[in-house]
Each structure stands twice: as structure tokens, then as C-alpha cells.
$ cat protein_15.txt   # compact mmCIF, C-alpha atoms
# COMPACT_ATOMS: atom_id res chain seq x y z
CA MET O 1 -12.17 -40.58 64.19
CA GLY O 2 -15.82 -39.64 64.63
CA TYR O 3 -15.22 -36.08 65.84
CA PRO O 4 -14.48 -34.49 62.43
CA SER O 5 -17.60 -36.11 61.01
CA VAL O 6 -19.81 -34.79 63.84
CA THR O 7 -18.31 -31.30 63.51
CA PHE O 8 -18.85 -31.38 59.75
CA ASN O 9 -22.52 -32.34 60.25
CA ILE O 10 -23.02 -29.51 62.74
CA PHE O 11 -21.62 -26.98 60.29
CA ASN O 12 -23.82 -28.39 57.54
CA ASP O 13 -26.87 -27.98 59.76
CA TRP O 14 -25.91 -24.38 60.58
CA TYR O 15 -25.42 -23.63 56.90
CA ALA O 16 -28.81 -25.14 55.97
CA ARG O 17 -30.55 -23.18 58.74
CA ASP O 18 -28.88 -19.92 57.72
CA THR O 19 -29.76 -20.50 54.05
CA SER O 20 -33.37 -21.23 55.02
CA LYS O 21 -33.59 -17.94 56.95
CA LYS O 22 -32.22 -15.99 53.99
CA ILE O 23 -34.64 -17.64 51.57
CA ARG O 24 -37.58 -16.87 53.85
CA ALA O 25 -36.47 -13.26 54.18
CA VAL O 26 -36.26 -12.90 50.40
CA GLN O 27 -39.69 -14.51 49.95
CA LYS O 28 -41.22 -12.24 52.59
CA ALA O 29 -39.79 -9.13 50.92
CA LYS O 30 -41.01 -10.35 47.53
CA ALA O 31 -44.48 -11.10 48.89
CA GLN O 32 -44.80 -7.73 50.63
CA ALA O 33 -43.83 -6.04 47.36
CA GLY O 34 -46.93 -7.58 45.80
CA LYS O 35 -45.13 -10.22 43.75
CA PRO O 36 -46.63 -13.73 43.61
CA LEU O 37 -44.70 -16.53 45.28
CA ALA O 38 -46.45 -19.24 43.25
CA THR O 39 -44.37 -20.92 40.56
CA HIS O 40 -47.30 -21.08 38.13
CA PRO O 41 -50.20 -18.63 37.76
CA PRO O 42 -53.67 -19.97 38.57
CA TYR O 43 -55.78 -21.45 35.79
CA GLY O 44 -57.06 -18.50 33.74
CA TYR O 45 -53.84 -16.49 33.91
CA LYS O 46 -50.41 -16.70 32.31
CA LYS O 47 -47.11 -14.95 32.93
CA SER O 48 -46.47 -11.72 31.07
CA GLU O 49 -43.91 -12.00 28.29
CA THR O 50 -42.16 -8.87 29.56
CA ASP O 51 -42.35 -9.46 33.33
CA LYS O 52 -42.42 -12.97 34.82
CA ASN O 53 -43.79 -11.58 38.10
CA GLN O 54 -46.84 -10.09 36.36
CA TRP O 55 -49.93 -12.16 35.52
CA VAL O 56 -52.06 -11.44 32.46
CA ILE O 57 -55.38 -12.99 31.50
CA ASP O 58 -55.32 -16.14 29.39
CA GLU O 59 -58.61 -15.55 27.56
CA GLU O 60 -59.17 -19.17 26.56
CA ALA O 61 -58.91 -20.48 30.13
CA ALA O 62 -60.49 -17.34 31.65
CA ALA O 63 -63.68 -18.01 29.67
CA VAL O 64 -63.95 -21.38 31.41
CA VAL O 65 -63.40 -19.76 34.83
CA ARG O 66 -66.17 -17.24 34.15
CA ARG O 67 -68.47 -20.05 33.06
CA ILE O 68 -67.77 -22.01 36.26
CA PHE O 69 -68.76 -19.02 38.39
CA GLN O 70 -71.87 -18.41 36.28
CA LEU O 71 -72.94 -22.06 36.55
CA CYS O 72 -72.60 -21.80 40.34
CA ILE O 73 -74.69 -18.62 40.41
CA GLU O 74 -77.35 -20.44 38.38
CA GLY O 75 -77.64 -22.99 41.18
CA ASN O 76 -75.30 -25.79 40.10
CA GLY O 77 -73.08 -27.45 42.69
CA PRO O 78 -69.41 -28.39 42.12
CA THR O 79 -70.30 -31.94 41.04
CA GLN O 80 -72.91 -30.73 38.53
CA ILE O 81 -70.47 -28.12 37.19
CA ALA O 82 -67.75 -30.76 36.78
CA ASN O 83 -70.17 -33.05 34.90
CA ILE O 84 -71.28 -30.22 32.60
CA LEU O 85 -67.70 -29.26 31.71
CA THR O 86 -66.78 -32.91 31.10
CA ALA O 87 -69.87 -33.47 28.91
CA ASP O 88 -69.02 -30.36 26.87
CA GLY O 89 -65.49 -31.62 26.27
CA ILE O 90 -63.76 -28.75 28.09
CA PRO O 91 -60.12 -29.75 28.81
CA THR O 92 -59.21 -29.97 32.48
CA PRO O 93 -56.55 -27.51 33.71
CA THR O 94 -53.90 -30.26 33.57
CA ALA O 95 -54.88 -31.25 30.01
CA TYR O 96 -54.95 -27.59 29.00
CA TYR O 97 -51.46 -26.94 30.38
CA ARG O 98 -50.07 -30.00 28.63
CA SER O 99 -51.63 -28.90 25.33
CA LYS O 100 -49.73 -25.63 25.70
CA GLY O 101 -46.46 -27.46 26.35
CA MET O 102 -46.29 -26.47 30.01
CA ASN O 103 -44.84 -28.65 32.77
CA VAL O 104 -47.42 -29.91 35.28
CA CYS O 105 -46.49 -30.67 38.88
CA ASN O 106 -49.04 -33.45 39.35
CA GLN O 107 -48.34 -35.94 36.60
CA ASN O 108 -51.15 -38.23 37.83
CA ALA O 109 -53.87 -35.56 37.68
CA LYS O 110 -57.05 -36.31 35.74
CA THR O 111 -57.02 -35.15 32.14
CA LYS O 112 -60.36 -36.44 30.82
CA ARG O 113 -62.81 -35.68 33.60
CA TRP O 114 -63.25 -32.56 35.69
CA GLY O 115 -63.17 -33.22 39.42
CA MET O 116 -65.33 -31.67 42.09
CA ALA O 117 -62.24 -30.59 44.05
CA THR O 118 -60.89 -28.70 41.01
CA VAL O 119 -64.15 -26.76 40.65
CA ILE O 120 -64.22 -25.92 44.38
CA HIS O 121 -60.61 -24.75 44.23
CA ILE O 122 -61.44 -22.37 41.37
CA LEU O 123 -64.59 -21.04 43.06
CA GLU O 124 -62.66 -20.18 46.24
CA ARG O 125 -59.60 -18.47 44.70
CA MET O 126 -59.34 -14.76 45.50
CA ASP O 127 -56.71 -14.43 42.76
CA TYR O 128 -59.55 -14.09 40.22
CA LEU O 129 -60.47 -10.74 41.83
CA GLY O 130 -57.14 -9.32 40.70
CA HIS O 131 -55.43 -9.85 44.07
CA THR O 132 -52.16 -11.60 44.83
CA VAL O 133 -52.55 -14.03 47.74
CA ASN O 134 -49.30 -15.17 49.34
CA PHE O 135 -48.43 -17.42 52.29
CA LYS O 136 -51.41 -19.76 51.87
CA THR O 137 -49.08 -22.59 52.89
CA TYR O 138 -46.00 -22.87 55.06
CA ARG O 139 -43.33 -25.29 56.30
CA LYS O 140 -42.77 -25.76 60.01
CA SER O 141 -39.02 -26.20 59.66
CA TYR O 142 -36.28 -26.30 57.05
CA LYS O 143 -35.93 -29.97 58.04
CA ASN O 144 -39.55 -30.71 57.20
CA LYS O 145 -40.52 -30.43 53.50
CA LYS O 146 -44.22 -31.01 54.11
CA LEU O 147 -46.53 -28.08 53.30
CA TYR O 148 -49.23 -27.09 55.78
CA GLU O 149 -52.33 -24.97 55.17
CA ASN O 150 -52.02 -21.49 56.65
CA PRO O 151 -55.09 -19.97 58.39
CA LYS O 152 -56.72 -17.25 56.29
CA GLU O 153 -55.86 -14.60 58.86
CA ASN O 154 -52.17 -15.31 58.14
CA TRP O 155 -52.50 -14.85 54.38
CA LEU O 156 -50.89 -11.80 52.82
CA ILE O 157 -53.34 -10.31 50.30
CA ILE O 158 -52.09 -7.56 48.00
CA GLU O 159 -55.08 -6.11 46.17
CA ASN O 160 -55.31 -5.01 42.53
CA THR O 161 -52.01 -6.45 41.33
CA HIS O 162 -53.38 -7.81 38.04
CA GLU O 163 -56.51 -7.66 35.90
CA PRO O 164 -59.50 -9.45 37.49
CA ILE O 165 -61.41 -12.23 35.75
CA ILE O 166 -64.35 -12.24 38.17
CA SER O 167 -66.10 -9.17 39.61
CA GLN O 168 -66.29 -8.65 43.38
CA HIS O 169 -70.09 -8.90 43.19
CA ASP O 170 -70.04 -12.32 41.46
CA PHE O 171 -67.32 -13.65 43.77
CA ASP O 172 -69.19 -12.57 46.91
CA LEU O 173 -72.43 -14.01 45.52
CA VAL O 174 -70.78 -17.38 44.88
CA GLN O 175 -69.30 -17.48 48.40
CA GLU O 176 -72.73 -16.67 49.86
CA ILE O 177 -74.35 -19.42 47.78
CA ARG O 178 -71.71 -21.92 48.81
CA SER O 179 -72.09 -21.02 52.49
CA HIS O 180 -75.60 -22.51 52.24
CA LYS O 181 -74.77 -25.68 50.34
CA ARG O 182 -77.77 -27.56 49.04
CA ARG O 183 -77.49 -31.07 47.70
CA ARG O 184 -79.68 -31.86 44.71
CA GLN O 185 -81.52 -35.11 45.47
CA LYS O 186 -82.40 -37.94 43.11
CA SER O 187 -85.83 -36.43 42.53
CA GLY O 188 -84.07 -33.47 40.89
CA THR O 189 -85.45 -30.94 43.39
CA VAL O 190 -83.86 -29.03 46.23
CA SER O 191 -85.73 -28.46 49.48
CA PRO O 192 -86.28 -24.73 50.21
CA PHE O 193 -85.10 -25.43 53.77
CA ALA O 194 -81.86 -27.20 52.80
CA GLY O 195 -78.87 -25.63 54.55
CA MET O 196 -81.07 -23.20 56.49
CA VAL O 197 -82.36 -25.21 59.47
CA TYR O 198 -80.03 -25.94 62.40
CA CYS O 199 -80.08 -28.18 65.45
CA ALA O 200 -80.74 -26.22 68.65
CA ASP O 201 -78.36 -28.45 70.66
CA CYS O 202 -75.29 -29.16 68.49
CA GLY O 203 -75.68 -26.30 65.99
CA ASN O 204 -75.24 -28.45 62.88
CA THR O 205 -77.65 -28.43 59.95
CA LEU O 206 -80.68 -30.67 59.69
CA TYR O 207 -80.75 -33.18 56.83
CA VAL O 208 -83.76 -33.47 54.52
CA GLY O 209 -85.24 -36.97 54.55
CA ARG O 210 -87.39 -37.96 51.59
CA ALA O 211 -87.98 -41.06 49.50
CA GLN O 212 -90.24 -42.23 46.69
CA SER O 213 -92.08 -44.43 49.17
CA MET O 214 -92.84 -41.40 51.40
CA SER O 215 -95.87 -39.18 51.04
CA PRO O 216 -95.32 -35.37 51.11
CA ASN O 217 -96.52 -35.33 54.72
CA GLN O 218 -93.79 -37.82 55.68
CA GLU O 219 -90.90 -35.72 54.34
CA HIS O 220 -88.86 -34.57 57.32
CA MET O 221 -85.65 -32.99 58.60
CA MET O 222 -83.37 -34.56 61.19
CA CYS O 223 -80.10 -33.67 62.94
CA SER O 224 -77.06 -34.40 60.74
CA THR O 225 -74.89 -35.07 63.80
CA TYR O 226 -77.30 -37.73 65.07
CA ALA O 227 -77.43 -39.28 61.60
CA HIS O 228 -73.66 -39.85 61.72
CA ASP O 229 -73.25 -40.63 65.41
CA SER O 230 -76.25 -41.22 67.66
CA ASP O 231 -74.07 -40.70 70.76
CA GLU O 232 -73.17 -37.11 69.85
CA CYS O 233 -76.71 -35.68 69.72
CA THR O 234 -80.36 -36.68 70.06
CA ALA O 235 -82.84 -37.53 67.32
CA HIS O 236 -84.22 -34.07 66.59
CA TYR O 237 -86.94 -34.46 63.98
CA ILE O 238 -89.54 -32.22 62.34
CA ARG O 239 -91.75 -32.80 59.32
CA THR O 240 -91.34 -30.24 56.53
CA CYS O 241 -95.10 -29.72 56.33
CA VAL O 242 -95.11 -28.70 60.01
CA LEU O 243 -92.11 -26.42 59.46
CA THR O 244 -93.86 -24.86 56.46
CA GLU O 245 -96.96 -24.07 58.52
CA ILE O 246 -94.81 -22.49 61.27
CA ILE O 247 -93.01 -20.25 58.78
CA LEU O 248 -96.25 -19.27 57.02
CA GLY O 249 -97.79 -18.38 60.36
CA GLU O 250 -94.83 -16.18 61.32
CA LEU O 251 -94.87 -14.47 57.92
CA ASN O 252 -98.57 -13.75 58.25
CA LYS O 253 -98.04 -12.32 61.75
CA LEU O 254 -95.22 -10.09 60.54
CA SER O 255 -97.17 -8.90 57.52
CA GLN O 256 -100.23 -8.11 59.65
CA PHE O 257 -98.15 -6.30 62.27
CA VAL O 258 -96.60 -4.08 59.61
CA ARG O 259 -99.99 -3.23 58.10
CA ASP O 260 -101.45 -2.35 61.50
CA ASN O 261 -98.39 -0.58 62.95
CA GLU O 262 -96.56 0.96 60.01
CA ASP O 263 -95.19 3.95 61.96
CA GLU O 264 -93.88 1.77 64.79
CA PHE O 265 -92.31 -0.63 62.33
CA VAL O 266 -90.49 2.21 60.57
CA ILE O 267 -89.15 3.51 63.90
CA ARG O 268 -87.95 0.04 64.96
CA ALA O 269 -86.36 -0.63 61.59
CA MET O 270 -84.59 2.72 61.57
CA SER O 271 -83.38 2.23 65.14
CA ASN O 272 -82.01 -1.27 64.48
CA THR O 273 -80.37 -0.22 61.23
CA ALA O 274 -78.82 2.88 62.81
CA THR O 275 -77.37 0.81 65.66
CA VAL O 276 -75.75 -1.64 63.26
CA GLN O 277 -74.53 1.13 60.98
CA ASP O 278 -73.06 3.12 63.89
CA GLY O 279 -71.08 0.09 65.04
CA GLU O 280 -69.76 -0.52 61.52
CA ILE O 281 -68.87 3.17 61.13
CA GLN O 282 -66.91 3.16 64.40
CA THR O 283 -65.01 0.04 63.29
CA ALA O 284 -64.22 1.62 59.93
CA ARG O 285 -63.04 4.84 61.58
CA LYS O 286 -60.68 2.92 63.88
CA ALA O 287 -59.25 1.03 60.91
CA LEU O 288 -58.86 4.31 59.00
CA LYS O 289 -57.05 5.92 61.93
CA LEU O 290 -54.59 3.02 62.13
CA ALA O 291 -54.01 3.09 58.36
CA GLU O 292 -53.32 6.84 58.37
CA LYS O 293 -50.96 6.46 61.34
CA ARG O 294 -48.99 3.75 59.56
CA ILE O 295 -48.85 5.84 56.35
CA ASN O 296 -47.25 8.68 58.31
CA GLU O 297 -44.82 6.24 59.96
CA LEU O 298 -43.77 4.96 56.53
CA ASP O 299 -43.09 8.54 55.37
CA ASP O 300 -40.69 8.90 58.31
CA LEU O 301 -39.11 5.53 57.50
CA PHE O 302 -38.59 6.58 53.88
CA GLU O 303 -36.79 9.73 55.03
CA ARG O 304 -34.51 7.89 57.46
CA LEU O 305 -33.85 5.16 54.90
CA TYR O 306 -32.79 7.73 52.31
CA GLU O 307 -30.46 9.44 54.80
CA ASP O 308 -28.88 6.08 55.71
CA ASN O 309 -28.32 5.32 52.03
CA VAL O 310 -26.75 8.71 51.35
CA SER O 311 -24.48 8.37 54.39
CA GLY O 312 -23.43 4.89 53.26
CA LYS O 313 -24.93 3.03 56.20
CA ILE O 314 -26.90 0.77 53.85
CA SER O 315 -26.11 -0.33 50.29
CA ASP O 316 -28.01 0.78 47.19
CA GLU O 317 -29.30 -2.77 46.73
CA ARG O 318 -30.60 -2.93 50.28
CA PHE O 319 -32.12 0.54 49.89
CA ALA O 320 -33.95 -0.55 46.71
CA THR O 321 -35.33 -3.69 48.37
CA MET O 322 -36.53 -1.96 51.52
CA SER O 323 -37.96 1.07 49.72
CA ALA O 324 -39.88 -1.21 47.33
CA ARG O 325 -41.35 -3.06 50.31
CA TYR O 326 -42.33 0.15 52.08
CA GLU O 327 -43.82 1.61 48.90
CA ALA O 328 -45.93 -1.51 48.35
CA GLU O 329 -47.19 -1.40 51.92
CA GLN O 330 -47.95 2.32 51.71
CA SER O 331 -49.76 1.94 48.38
CA LYS O 332 -51.96 -0.77 49.85
CA LEU O 333 -52.65 1.32 52.96
CA LYS O 334 -53.61 4.35 50.84
CA ALA O 335 -55.97 2.20 48.77
CA ASP O 336 -57.48 0.75 51.96
CA ALA O 337 -57.86 4.25 53.43
CA ALA O 338 -59.70 5.43 50.31
CA LYS O 339 -62.07 2.46 50.55
CA LEU O 340 -62.65 3.13 54.25
CA HIS O 341 -63.44 6.80 53.52
CA ASP O 342 -65.97 5.64 50.91
CA THR O 343 -67.45 3.05 53.29
CA ILE O 344 -67.89 5.60 56.08
CA SER O 345 -69.54 8.10 53.70
CA ARG O 346 -71.96 5.49 52.34
CA LYS O 347 -72.94 4.22 55.78
CA GLU O 348 -73.44 7.74 57.11
CA GLN O 349 -75.67 8.45 54.12
CA LYS O 350 -77.67 5.28 54.81
CA ASN O 351 -78.30 6.48 58.34
CA ASN O 352 -79.92 9.58 56.90
CA ASP O 353 -82.07 7.70 54.40
CA VAL O 354 -85.71 7.07 55.19
CA ILE O 355 -86.45 3.35 55.59
CA CYS O 356 -89.66 2.23 53.93
CA PRO O 357 -91.16 -1.04 55.14
CA LEU O 358 -90.79 -3.51 52.32
CA VAL O 359 -93.78 -5.64 53.18
CA THR O 360 -96.22 -2.70 52.91
CA SER O 361 -95.47 -2.39 49.20
CA PRO O 362 -98.14 -4.11 47.06
CA THR O 363 -95.38 -5.60 44.89
CA ASN O 364 -93.65 -7.17 47.87
CA ILE O 365 -96.92 -8.46 49.32
CA VAL O 366 -97.41 -10.33 46.04
CA ALA O 367 -93.82 -11.63 46.30
CA ILE O 368 -94.49 -12.91 49.85
CA ALA O 369 -97.66 -14.59 48.64
CA ASP O 370 -95.75 -16.28 45.82
CA PHE O 371 -93.11 -17.46 48.32
CA CYS O 372 -95.80 -18.87 50.58
CA SER O 373 -97.35 -20.68 47.62
CA SER O 374 -93.98 -22.18 46.70
CA LEU O 375 -93.59 -23.49 50.26
CA LYS O 376 -97.01 -25.11 50.15
CA SER O 377 -96.23 -26.79 46.84
CA CYS O 378 -92.92 -28.27 48.09
$ encode --input "protein_15.txt" --output "C-alpha cells"
Amino acid sequence: MGYPSVTFNIFNDWYARDTSKKIRAVQKAKAQAGKPLATHPPYGYKKSETDKNQWVIDEEAAAVVRRIFQLCIEGNGPTQIANILTADGIPTPTAYYRSKGMNVCNQNAKTKRWGMATVIHILERMDYLGHTVNFKTYRKSYKNKKLYENPKENWLIIENTHEPIISQHDFDLVQEIRSHKRRRQKSGTVSPFAGMVYCADCGNTLYVGRAQSMSPNQEHMMCSTYAHDSDECTAHYIRTCVLTEIILGELNKLSQFVRDNEDEFVIRAMSNTATVQDGEIQTARKALKLAEKRINELDDLFERLYEDNVSGKISDERFATMSARYEAEQSKLKADAAKLHDTISRKEQKNNDVICPLVTSPTNIVAIADFCSSLKSC
């Protein structure tokens, strides 16, 4: 009696597996065509009334996104940004969606207070550059419904698919700022060395140690790994006043060397810059060669695909799907090739430019002096 039931279950499993493969194939074709796989657009965008696969800017929410990026550029961390938005009565994304009558996936999300995680999520989204980012998550099997984070190298990024909210310059600046995270301490100040000093053994950052009971000479930096687990590293420790004197000494040596050996400095600087630029130019040229090769391959594929459609080997529907995918890929490759051409031209021009030593300029000498004064006053 059990055999029919087992056979039925086997067929069900085959059917589910086959359906999963077809769904994944459709999603892959849709993603490669530059269409977003996300059910809802990110905060700051809304679906076009004429095309559900096209995102348009939601000006009310986009203004908040721009403000978040600007607050970060001004030196505020995610927690400070969240507190500012909450104090100003700005609705959270969940509250905003509900006010517009939209369904929200997370019914338990905060609606009165902005969270640090929400701010970080917004600051890291490449979608605000006008790009569609697909395959950020994946499922290991059709039997497992859990979503896993995909490594960034596995993301599919289709550039310039909708209007950007944030410029490339501001986005890159925010990522650079966040790569050197600095925690504002209770005193309201941030150490100039925060996020910039690393342990020589474990490679992790050194924490700033200060307290109201400490004098300025007692302020110090110690290994963050040792602070969490004394078995993982040793108690590396340096007072900030000592570190300040070391840096000031090195700056003075550099400044004096440049004044005394301006011609040698120019030669060294030009040589180092040219070496770096040459390596970047070679990398760009290789990438350009690959892009141009693939563009030519796609032209051949288009021709064969058309012939197969005319001869009846593939259906019109299949022809439309495949041609749309190839066209999207070729459009992206052509855009990438144009950017690579521009990059190569700019870098070649830089190699021909004359490098002037910055520290010999009177204006920059004053700037270095001001920086040294700020270190002494910390």
C-alpha cells in the first residue's frame, strides 16, 4: 500500500525541482535584462505608473535619503543620524510606507524611532547611484527557504537603469568616511587618530582610551583585539602625546627634505606616480580588450539567433527573451568600454603632467602647520 504514496512523493519532488529551475532561469534572464528582482523599490524610489519594472524618484523620501548622506559627510555616524531624524520627526521608512497605504513585509519594524541599522543600510545601497543590483541574496536549495547573503563579487550590477538620487562623488566619499569609522566619545570629541592606527601583530585598530580622571598625557591607544580577548594578542599600548610627537617629527623631516631636495623629490614623486599609473593603465587596457571581444561575440550571437528564428529553430518568444538579454549585456559592455577609454586617456594625460611638490607651496606649509597645531591641542 505504501508504494503509490512513495512514487507520488518522488514525482512531487521532481516537479518542485523542475519548477525551481524554471523560476531561477526566468529570474536570471530578467536580472540580466536590467530589471530589478526586488518586490519593492528601495526607500526613495517608487514604481513607475506606466512600467512596474522601472523605478522613479519619490521626491519626499529621496529628500530624506540625500539628507542622510549629507549628515554622514558632515561627520555624523549612523547613531547620530538616526537620533537627528527621530528628533526632527521624520517618519521611518516603515511608517512612511504605511502612510502611503503600502504593504510592509516586516510588520514589527520600528515606526517611531530611526534605527542605526536602517541608516547603515541606506548609506551602503548602490541603488541610489541609479544602478540595479540583483542577486544580493540567494537560497541554497528549493527545499530551503532561508535567504543567505551573496558575496559582492557575485552581485549582478546593471548601471544607469534609473535616475540617481546620490552622485557618485558623494557615495564614494561616504564609503571612504565609513571605512575609517570614528566613535564620538562622551566628551563630544573625536581623536584625530581614531580608526587610523593599527596593531603591528594582529592588524586590528587601536582603541582610544580616555577618561575624565585622566590627564591629557595619560590618554592612550591600545590593541582592540587584546581589549576583547587577552589571549588573542598582547597589550600593545602607546600614549597619544608620544604618537603626536612621532608624527610631528616625521612631518618636519619630510617638509625639510622637500625644501632641501626639491628636484629629487619631484623625480621620485613622478617615478612613483608613473609606476602606479602604468599598472592601472595596463589593467584598464586588458579589461577594455575583453569587453570589446565580448561585444564582437554578441554581434555574432545576434546574427545566429536571428537566423535560427527565421528558420523556425526557436520561437518568437524565445527569440525576444534571448535578444533582450544579449542587448542588455552588450549595452552594459559598450558603456563600460567607453568608461575604460576615458579612464585610459585621463591616466595617460596624468603621466604627462608635471608634478609639483605640495609641501613646497606656502599655502600648504601653512596647512601643515595648522594640522600640527591641531595635533598638539588634542
$ atom_distance --input "protein_15.txt" --atom1 "CA of Gly195 (chain O)" --atom2 "CA of Thr86 (chain O)"
27.4 Å
$ atom_distance --input "protein_15.txt" --atom1 "CA of Asp127 (chain O)" --atom2 "CA of Trp155 (chain O)"
12.4 Å
$ residues_near_point --input "protein_15.txt" --point "(-47.0, 4.4, 53.0)" --cutoff "8 Å" --atoms "all atoms listed in the file" --output "PyMOL selection string"
chain O and resi 294-299+326-334
$ closest_residue --input "protein_15.txt" --among "O:Leu173, O:Lys46, O:Arg113, O:Asn261" --to "Ala95 (chain O)" --atoms "all atoms listed in the file"
O:Arg113
$ residues_around --input "protein_15.txt" --residues "region 117-119 of chain O" --least-positions-apart "3" --cutoff "8 Å" --atoms "only C-alpha atoms" --output "NGL selection string"
:O and (68 or 78 or 81-82 or 114 or 122-123)
$ write_last_selection --input "protein_15.txt" --atoms "C-alpha atoms" --output "CSV table (one decimal), in the coordinates of the input"
chain,number,residue,atom,x,y,z
O,68,ILE,CA,-67.8,-22.0,36.3
O,78,PRO,CA,-69.4,-28.4,42.1
O,81,ILE,CA,-70.5,-28.1,37.2
O,82,ALA,CA,-67.8,-30.8,36.8
O,114,TRP,CA,-63.2,-32.6,35.7
O,122,ILE,CA,-61.4,-22.4,41.4
O,123,LEU,CA,-64.6,-21.0,43.1
$ atom_distance --input "protein_15.txt" --atom1 "CA of His162 (chain O)" --atom2 "CA of Arg325 (chain O)"
17.8 Å
